[in-house]
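Structure file model.cif (mmCIF, C-alpha atoms) follows.
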```cif
data_entry
#
loop_
_atom_site.group_PDB
_atom_site.id
_atom_site.type_symbol
_atom_site.label_atom_id
_atom_site.label_comp_id
_atom_site.auth_asym_id
_atom_site.auth_seq_id
_atom_site.Cartn_x
_atom_site.Cartn_y
_atom_site.Cartn_z
ATOM 1 C CA MET A 1 87.242 100.500 114.135
ATOM 2 C CA LEU A 2 90.092 98.066 113.494
ATOM 3 C CA LYS A 3 92.452 100.395 115.336
ATOM 4 C CA LYS A 4 90.257 100.437 118.439
ATOM 5 C CA LEU A 5 89.809 96.671 118.304
ATOM 6 C CA LEU A 6 93.565 96.064 118.085
ATOM 7 C CA LEU A 7 94.232 98.401 120.982
ATOM 8 C CA ALA A 8 91.503 96.776 123.062
ATOM 9 C CA LEU A 9 92.889 93.312 122.328
ATOM 10 C CA VAL A 10 96.376 94.340 123.423
ATOM 11 C CA ILE A 11 95.071 95.816 126.665
ATOM 12 C CA THR A 12 92.850 92.827 127.352
ATOM 13 C CA TRP A 13 95.640 90.362 126.619
ATOM 14 C CA GLY A 14 97.958 92.198 128.972
ATOM 15 C CA ILE A 15 95.456 92.215 131.805
ATOM 16 C CA ILE A 16 94.484 88.546 131.329
ATOM 17 C CA ALA A 17 98.117 87.463 131.140
ATOM 18 C CA SER A 18 98.953 89.486 134.208
ATOM 19 C CA SER A 19 96.032 88.003 136.147
ATOM 20 C CA HIS A 20 97.123 84.508 135.138
ATOM 21 C CA VAL A 21 100.665 85.163 136.316
ATOM 22 C CA SER A 22 99.293 86.563 139.563
ATOM 23 C CA ALA A 23 97.323 83.387 140.185
ATOM 24 C CA GLN A 24 100.289 81.134 139.394
ATOM 25 C CA THR A 25 103.026 83.014 141.180
ATOM 26 C CA GLY A 26 101.242 84.878 143.902
ATOM 27 C CA ILE A 27 101.968 88.320 142.475
ATOM 28 C CA ASP A 28 99.665 90.780 144.204
ATOM 29 C CA SER A 29 97.901 93.854 142.823
ATOM 30 C CA THR A 30 101.209 95.726 142.912
ATOM 31 C CA GLY A 31 102.574 93.376 140.263
ATOM 32 C CA LEU A 32 99.510 93.917 138.114
ATOM 33 C CA SER A 33 99.905 97.667 138.506
ATOM 34 C CA LEU A 34 103.460 97.387 137.253
ATOM 35 C CA VAL A 35 102.276 95.555 134.154
ATOM 36 C CA VAL A 36 99.709 98.265 133.442
ATOM 37 C CA ALA A 37 102.306 100.962 134.053
ATOM 38 C CA ASN A 38 104.723 99.273 131.672
ATOM 39 C CA TYR A 39 101.987 99.104 129.067
ATOM 40 C CA ASN A 40 101.231 102.794 129.494
ATOM 41 C CA THR A 41 104.904 103.623 129.140
ATOM 42 C CA ALA A 42 105.477 101.493 126.058
ATOM 43 C CA ILE A 43 102.220 102.166 124.241
ATOM 44 C CA GLY A 44 99.816 104.380 126.110
ATOM 45 C CA GLU A 45 101.839 107.580 125.822
ATOM 46 C CA GLN A 46 101.571 107.479 122.046
ATOM 47 C CA SER A 47 98.178 105.805 121.761
ATOM 48 C CA HIS A 48 96.599 109.158 120.885
ATOM 49 C CA LEU A 49 98.531 109.041 117.626
ATOM 50 C CA TYR A 50 96.487 106.083 116.439
ATOM 51 C CA ASN A 51 93.470 108.221 115.763
ATOM 52 C CA GLY A 52 92.753 108.193 112.048
ATOM 53 C CA PRO A 53 91.803 106.024 109.092
ATOM 54 C CA GLU A 54 93.827 102.940 108.272
ATOM 55 C CA TYR A 55 96.253 103.594 105.423
ATOM 56 C CA GLU A 56 96.723 101.400 102.370
ATOM 57 C CA PHE A 57 99.685 101.440 100.004
ATOM 58 C CA TYR A 58 99.156 102.295 96.339
ATOM 59 C CA ASP A 59 98.787 99.890 93.440
ATOM 60 C CA PRO A 60 102.362 98.677 92.768
ATOM 61 C CA THR A 61 101.825 99.025 89.000
ATOM 62 C CA ILE A 62 101.923 102.819 89.363
ATOM 63 C CA LYS A 63 105.449 103.933 88.526
ATOM 64 C CA GLY A 64 107.347 105.955 91.098
ATOM 65 C CA ASN A 65 105.954 106.643 94.546
ATOM 66 C CA ALA A 66 103.843 109.139 96.474
ATOM 67 C CA TYR A 67 106.329 109.970 99.224
ATOM 68 C CA VAL A 68 108.460 112.966 100.068
ATOM 69 C CA PHE A 69 112.036 112.774 98.731
ATOM 70 C CA ASP A 70 111.050 109.374 97.285
ATOM 71 C CA ASN A 71 111.483 107.867 100.743
ATOM 72 C CA LYS A 72 109.287 104.752 100.665
ATOM 73 C CA SER A 73 110.394 103.324 104.019
ATOM 74 C CA PHE A 74 109.036 104.257 107.420
ATOM 75 C CA THR A 75 111.592 106.595 108.962
ATOM 76 C CA THR A 76 111.812 107.819 112.533
ATOM 77 C CA GLY A 77 110.557 111.366 112.965
ATOM 78 C CA SER A 78 108.659 113.606 115.361
ATOM 79 C CA VAL A 79 105.155 115.002 115.127
ATOM 80 C CA ARG A 80 103.086 117.488 117.061
ATOM 81 C CA TYR A 81 99.639 115.949 117.315
ATOM 82 C CA GLY A 82 97.165 118.152 119.116
ATOM 83 C CA ALA A 83 99.043 119.684 122.036
ATOM 84 C CA ALA A 84 101.687 116.969 122.414
ATOM 85 C CA VAL A 85 104.927 116.232 120.556
ATOM 86 C CA TYR A 86 105.691 112.562 119.887
ATOM 87 C CA SER A 87 109.268 111.551 119.122
ATOM 88 C CA ASP A 88 110.829 108.475 117.527
ATOM 89 C CA VAL A 89 107.698 107.751 115.511
ATOM 90 C CA PRO A 90 107.979 105.601 112.328
ATOM 91 C CA MET A 91 106.518 107.913 109.670
ATOM 92 C CA LEU A 92 105.891 108.481 105.984
ATOM 93 C CA TYR A 93 104.708 111.678 104.306
ATOM 94 C CA ASP A 94 102.335 110.985 101.400
ATOM 95 C CA LEU A 95 102.537 113.959 99.005
ATOM 96 C CA ASN A 96 99.654 112.791 96.852
ATOM 97 C CA LYS A 97 97.149 112.681 99.726
ATOM 98 C CA ASP A 98 99.041 115.277 101.792
ATOM 99 C CA VAL A 99 98.876 113.131 104.913
ATOM 100 C CA VAL A 100 101.319 111.913 107.552
ATOM 101 C CA VAL A 101 101.314 108.125 107.921
ATOM 102 C CA VAL A 102 102.446 106.391 111.118
ATOM 103 C CA LEU A 103 103.197 102.742 111.766
ATOM 104 C CA LEU A 104 101.413 101.023 114.636
ATOM 105 C CA TYR A 105 103.515 99.411 117.352
ATOM 106 C CA ASN A 106 102.744 95.995 115.833
ATOM 107 C CA HIS A 107 104.963 97.086 112.874
ATOM 108 C CA PHE A 108 102.197 96.156 110.446
ATOM 109 C CA THR A 109 99.138 98.400 110.713
ATOM 110 C CA LYS A 110 99.405 101.885 109.179
ATOM 111 C CA PHE A 111 97.327 104.974 109.978
ATOM 112 C CA SER A 112 96.896 108.386 108.406
ATOM 113 C CA LEU A 113 96.965 111.089 111.068
ATOM 114 C CA LEU A 114 94.117 113.587 111.015
ATOM 115 C CA SER A 115 95.821 116.461 109.201
ATOM 116 C CA GLU A 116 93.884 119.203 110.954
ATOM 117 C CA ARG A 117 95.398 118.002 114.236
ATOM 118 C CA VAL A 118 98.984 118.126 112.945
ATOM 119 C CA PRO A 119 100.390 121.683 113.121
ATOM 120 C CA GLU A 120 103.936 120.502 112.389
ATOM 121 C CA PHE A 121 106.215 117.501 112.034
ATOM 122 C CA TRP A 122 109.903 116.773 111.506
ATOM 123 C CA LEU A 123 111.068 114.148 109.022
ATOM 124 C CA LEU A 124 114.322 113.506 107.117
ATOM 125 C CA ASN A 125 115.914 116.650 108.582
ATOM 126 C CA HIS A 126 113.080 118.850 107.309
ATOM 127 C CA HIS A 127 110.491 120.800 109.279
ATOM 128 C CA PHE A 128 106.982 120.721 107.845
ATOM 129 C CA ILE A 129 104.274 123.131 108.985
ATOM 130 C CA ARG A 130 100.563 123.172 108.277
ATOM 131 C CA LEU A 131 99.084 126.374 106.899
ATOM 132 C CA ASN A 132 95.402 127.151 106.521
ATOM 133 C CA THR A 133 94.144 129.389 103.735
ATOM 134 C CA ASP A 134 92.284 131.559 106.240
ATOM 135 C CA SER A 135 95.427 132.123 108.313
ATOM 136 C CA THR A 136 97.521 133.237 105.330
ATOM 137 C CA GLY A 137 94.984 135.683 103.968
ATOM 138 C CA LYS A 138 95.755 134.523 100.432
ATOM 139 C CA ALA A 139 93.404 132.104 98.728
ATOM 140 C CA ALA A 140 96.178 131.125 96.281
ATOM 141 C CA LEU A 141 98.074 129.469 99.133
ATOM 142 C CA ALA A 142 96.166 126.214 99.607
ATOM 143 C CA THR A 143 95.655 124.616 102.988
ATOM 144 C CA GLY A 144 98.189 121.865 103.584
ATOM 145 C CA PHE A 145 101.690 120.957 104.736
ATOM 146 C CA TYR A 146 104.643 123.103 103.652
ATOM 147 C CA ASP A 147 108.345 122.397 103.979
ATOM 148 C CA GLN A 148 109.855 125.286 105.955
ATOM 149 C CA LEU A 149 113.215 125.777 104.265
ATOM 150 C CA TYR A 150 114.100 128.932 106.160
ATOM 151 C CA GLN A 151 112.647 131.070 108.937
ATOM 152 C CA GLY A 152 114.451 134.272 109.832
ATOM 153 C CA ARG A 153 113.554 137.399 111.736
ATOM 154 C CA LYS A 154 111.760 139.118 108.871
ATOM 155 C CA ILE A 155 111.240 136.560 106.128
ATOM 156 C CA GLY A 156 110.620 132.875 105.630
ATOM 157 C CA ILE A 157 110.903 130.437 102.723
ATOM 158 C CA ILE A 158 108.456 127.580 102.293
ATOM 159 C CA VAL A 159 107.821 125.058 99.548
ATOM 160 C CA LYS A 160 104.683 123.108 98.800
ATOM 161 C CA ARG A 161 105.753 119.644 97.666
ATOM 162 C CA ALA A 162 103.072 117.610 95.939
ATOM 163 C CA LYS A 163 102.668 114.530 93.790
ATOM 164 C CA SER A 164 99.746 113.449 91.640
ATOM 165 C CA ILE A 165 98.918 110.343 89.637
ATOM 166 C CA GLN A 166 99.148 110.911 85.885
ATOM 167 C CA THR A 167 98.513 108.599 82.955
ATOM 168 C CA SER A 168 100.132 108.278 79.563
ATOM 169 C CA THR A 169 99.158 106.186 76.566
ATOM 170 C CA GLY A 170 101.240 104.565 73.860
ATOM 171 C CA ASN A 171 101.419 101.353 71.857
ATOM 172 C CA ASN A 172 97.891 100.469 72.976
ATOM 173 C CA THR A 173 98.909 100.634 76.639
ATOM 174 C CA VAL A 174 98.001 102.951 79.490
ATOM 175 C CA GLU A 175 100.649 103.707 82.094
ATOM 176 C CA SER A 176 100.147 105.448 85.442
ATOM 177 C CA TYR A 177 102.917 107.284 87.250
ATOM 178 C CA PHE A 178 103.495 109.823 90.012
ATOM 179 C CA SER A 179 104.364 113.345 88.897
ATOM 180 C CA GLU A 180 105.949 115.819 91.337
ATOM 181 C CA THR A 181 105.528 119.592 91.618
ATOM 182 C CA LYS A 182 107.174 122.178 93.875
ATOM 183 C CA ASP A 183 105.778 125.642 94.565
ATOM 184 C CA TYR A 184 108.021 128.118 96.389
ATOM 185 C CA TYR A 185 106.942 131.077 98.511
ATOM 186 C CA VAL A 186 108.554 133.906 100.430
ATOM 187 C CA LYS A 187 106.783 135.035 103.576
ATOM 188 C CA LYS A 188 107.443 138.739 103.945
ATOM 189 C CA GLY A 189 105.541 141.277 105.996
ATOM 190 C CA GLY A 190 102.770 138.813 106.748
ATOM 191 C CA ASN A 191 102.163 138.073 103.047
ATOM 192 C CA TYR A 192 103.206 135.173 100.829
ATOM 193 C CA PHE A 193 104.819 135.767 97.442
ATOM 194 C CA SER A 194 105.377 132.953 94.964
ATOM 195 C CA PHE A 195 108.531 132.568 92.864
ATOM 196 C CA SER A 196 109.966 129.908 90.610
ATOM 197 C CA GLY A 197 113.528 130.982 89.972
ATOM 198 C CA LYS A 198 116.415 133.297 90.780
ATOM 199 C CA GLY A 199 114.861 136.276 88.996
ATOM 200 C CA GLY A 200 111.552 135.951 90.809
ATOM 201 C CA LEU A 201 113.286 135.688 94.178
ATOM 202 C CA LEU A 202 115.366 138.814 93.540
ATOM 203 C CA ASP A 203 112.251 140.701 92.442
ATOM 204 C CA ILE A 204 110.693 139.983 95.843
ATOM 205 C CA PHE A 205 113.908 141.229 97.485
ATOM 206 C CA LYS A 206 114.155 144.212 95.118
ATOM 207 C CA ASP A 207 115.048 146.655 97.884
ATOM 208 C CA LYS A 208 118.390 144.819 98.244
ATOM 209 C CA LYS A 209 118.743 143.424 94.722
ATOM 210 C CA LYS A 210 122.093 145.092 94.009
ATOM 211 C CA GLU A 211 123.680 143.752 97.192
ATOM 212 C CA LEU A 212 122.239 140.294 96.607
ATOM 213 C CA ARG A 213 123.542 140.097 93.045
ATOM 214 C CA LYS A 214 127.022 140.948 94.306
ATOM 215 C CA TYR A 215 126.699 138.334 97.074
ATOM 216 C CA ILE A 216 125.661 135.669 94.548
ATOM 217 C CA ARG A 217 128.619 136.450 92.258
ATOM 218 C CA THR A 218 131.174 136.695 95.066
ATOM 219 C CA ASN A 219 130.108 133.389 96.624
ATOM 220 C CA ASP A 220 129.587 131.574 93.303
ATOM 221 C CA ILE A 221 126.038 130.570 94.239
ATOM 222 C CA ASP A 222 124.598 128.352 91.511
ATOM 223 C CA PHE A 223 120.795 128.078 91.452
ATOM 224 C CA ARG A 224 120.947 125.328 88.838
ATOM 225 C CA GLU A 225 123.208 123.086 90.896
ATOM 226 C CA ASN A 226 121.151 123.180 94.114
ATOM 227 C CA PHE A 227 118.171 125.500 93.862
ATOM 228 C CA GLU A 228 116.910 125.191 97.416
ATOM 229 C CA ARG A 229 120.312 125.648 99.029
ATOM 230 C CA ALA A 230 120.875 128.749 96.882
ATOM 231 C CA VAL A 231 117.491 130.176 97.883
ATOM 232 C CA VAL A 232 118.221 129.643 101.581
ATOM 233 C CA ASN A 233 121.645 131.278 101.268
ATOM 234 C CA VAL A 234 120.214 134.345 99.545
ATOM 235 C CA ALA A 235 117.294 134.605 101.988
ATOM 236 C CA THR A 236 119.669 134.367 104.946
ATOM 237 C CA TYR A 237 121.858 137.150 103.563
ATOM 238 C CA TYR A 238 118.808 139.311 102.848
ATOM 239 C CA ASP A 239 117.738 138.908 106.465
ATOM 240 C CA GLN A 240 121.193 140.040 107.582
ATOM 241 C CA LEU A 241 121.047 143.105 105.342
ATOM 242 C CA THR A 242 117.650 144.201 106.669
ATOM 243 C CA ASN A 243 118.314 143.675 110.392
#
```

Would you give me this structure, written as structure tokens?
Amino acid sequence: MLKKLLLALVITWGIIASSHVSAQTGIDSTGLSLVVANYNTAIGEQSHLYNGPEYEFYDPTIKGNAYVFDNKSFTTGSVRYGAAVYSDVPMLYDLNKDVVVVLLYNHFTKFSLLSERVPEFWLLNHHFIRLNTDSTGKAALATGFYDQLYQGRKIGIIVKRAKSIQTSTGNNTVESYFSETKDYYVKKGGNYFSFSGKGGLLDIFKDKKKELRKYIRTNDIDFRENFERAVVNVATYYDQLTN
């Protein structure tokens, strides 16, 4: 409701101001049309984004934060909302609520986009896609946004990043904090297979395990140093071997 009221006020203010200028300066209806056109260009093209509940930040006493890669500042990204792609949008990705948050053009009001209308978005050099349990055919893969680490001809790698609020007690105090989890999956042959380490990944790629082990040794790929980069490298090589 607040969103609609703010938008209506902006439109009304623009029209009233334009009418006043017309009366004072003799600007005809063409001038008013230009004002409306400028409004549509600056705001109207992305007004469909502001279609969701107003977003509130968390209690500051909770340690840590709810956001992807611990990025607490609105950062420019792109989002497909419905059938349209909107670029240069100030965004946050809340991992606890699994929602995309956008900043209104007044640089103050925040809205959560309706997740079911967001098939994908791009933020912090990562591509996030929305998967539905029904579309995956595997109930273990929950509906939500997944970070698409790799998409090749035959396989894909995705990770479900999530945060939840936990509590701990000690010395007669109760402390709340955000705890992060990451669940990795290989998409292969239309199915999703979970893994949590190097061994699990190679088991999924067992038809080329010997070649992959040699590739890992030859290229000194260290899963402990940068797990996700190592996974992408191995997945890319597997795709090359099976082409």

Starting from the displayed file, determine the output of the PyMOL selection byres ((chain A and resi 163) around 12) and express the residue list as a list in words.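 Selected by the PyMOL selection byres ((chain A and resi 163) around 12) in this file: Gly64, Asn65, Ala66, Tyr67, Val68, Phe69, Asp70, Tyr93, Asp94, Leu95, Asn96, Lys97, Asp98, Val99, Lys160, Arg161, Ala162, Ser164, Ile165, Gln166, Tyr177, Phe178, Ser179, Glu180, Thr181, Lys182 and Asp183 of chain A.
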
Written as JSON, numbers by chain, which residues does the PyMOL selection byres ((chain A and resi 190-193) around 12) give for the file shown? {"A": [131, 133, 135, 136, 137, 138, 139, 140, 141, 142, 153, 154, 155, 156, 157, 158, 159, 183, 184, 185, 186, 187, 188, 189, 194, 195, 196, 200, 201, 202, 203, 204, 205]}

What do you get, as a compact mmCIF listing (two decimals) with C-alpha atoms, in the frame of the given file, if you spell out every residue that the PyMOL selection byres ((chain A and resi 80) around 12) selects here?
```txt
# COMPACT_ATOMS: atom_id res chain seq x y z
CA GLN A 46 101.57 107.48 122.05
CA HIS A 48 96.60 109.16 120.88
CA LEU A 49 98.53 109.04 117.63
CA GLY A 77 110.56 111.37 112.96
CA SER A 78 108.66 113.61 115.36
CA VAL A 79 105.16 115.00 115.13
CA TYR A 81 99.64 115.95 117.32
CA GLY A 82 97.16 118.15 119.12
CA ALA A 83 99.04 119.68 122.04
CA ALA A 84 101.69 116.97 122.41
CA VAL A 85 104.93 116.23 120.56
CA TYR A 86 105.69 112.56 119.89
CA SER A 87 109.27 111.55 119.12
CA ASP A 88 110.83 108.48 117.53
CA VAL A 89 107.70 107.75 115.51
CA VAL A 100 101.32 111.91 107.55
CA LEU A 113 96.96 111.09 111.07
CA LEU A 114 94.12 113.59 111.02
CA SER A 115 95.82 116.46 109.20
CA GLU A 116 93.88 119.20 110.95
CA ARG A 117 95.40 118.00 114.24
CA VAL A 118 98.98 118.13 112.94
CA PRO A 119 100.39 121.68 113.12
CA GLU A 120 103.94 120.50 112.39
CA PHE A 121 106.22 117.50 112.03
CA TRP A 122 109.90 116.77 111.51
CA LEU A 123 111.07 114.15 109.02
CA HIS A 127 110.49 120.80 109.28
CA PHE A 128 106.98 120.72 107.84
CA ILE A 129 104.27 123.13 108.98
CA ARG A 130 100.56 123.17 108.28
```

Give me, please, the distance in Å between atom CA of Phe111 of chain A and atom CA of Ile62 of chain A, quoted to one decimal.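 Distance reported for this atom pair: 21.2 Å.
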
Atom CA of Tyr55 of chain A and atom CA of Asn71 of chain A are how many Å apart?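 Between atom CA of Tyr55 of chain A and atom CA of Asn71 of chain A the gap is 16.5 Å.
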
Here is a test: counting all atoms listed in the file, which residue of A:Val232, A:Ile221, A:Leu241, A:Val102 is nearest to Lys209 of chain A?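 Selected residue with least distance to Lys209 of chain A: A:Leu241.
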
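Between atom CA of Ser73 of chain A and atom CA of Leu92 of chain A there is a distance of 7.1 Å.
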
Taking all atoms of segment 70-79 of chain A that appear in the file, build a box with edges along x, y and z, extend it by 5 Å on every side, and state its centre and edge lengths in Å to one decimal, as AutoDock Vina command-line options.
```
--center_x 108.5 --center_y 109.2 --center_z 106.3 --size_x 16.7 --size_y 21.7 --size_z 28.1
```

Near Arg229 of chain A, counting all atoms listed in the file, which residues have an atom at most 12 Å away, once you skip same-chain residues fewer than 6 positions from it, shown as number ranges by chain? A: 149-150, 157, 198, 221-223, 235-236

Taking all atoms listed in the file into account, which of A:Gly197, A:Gly52, A:Pro90, A:Gly170 comes nearest Leu124 of chain A?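 Distance minimum relative to Leu124 of chain A lands on A:Pro90.
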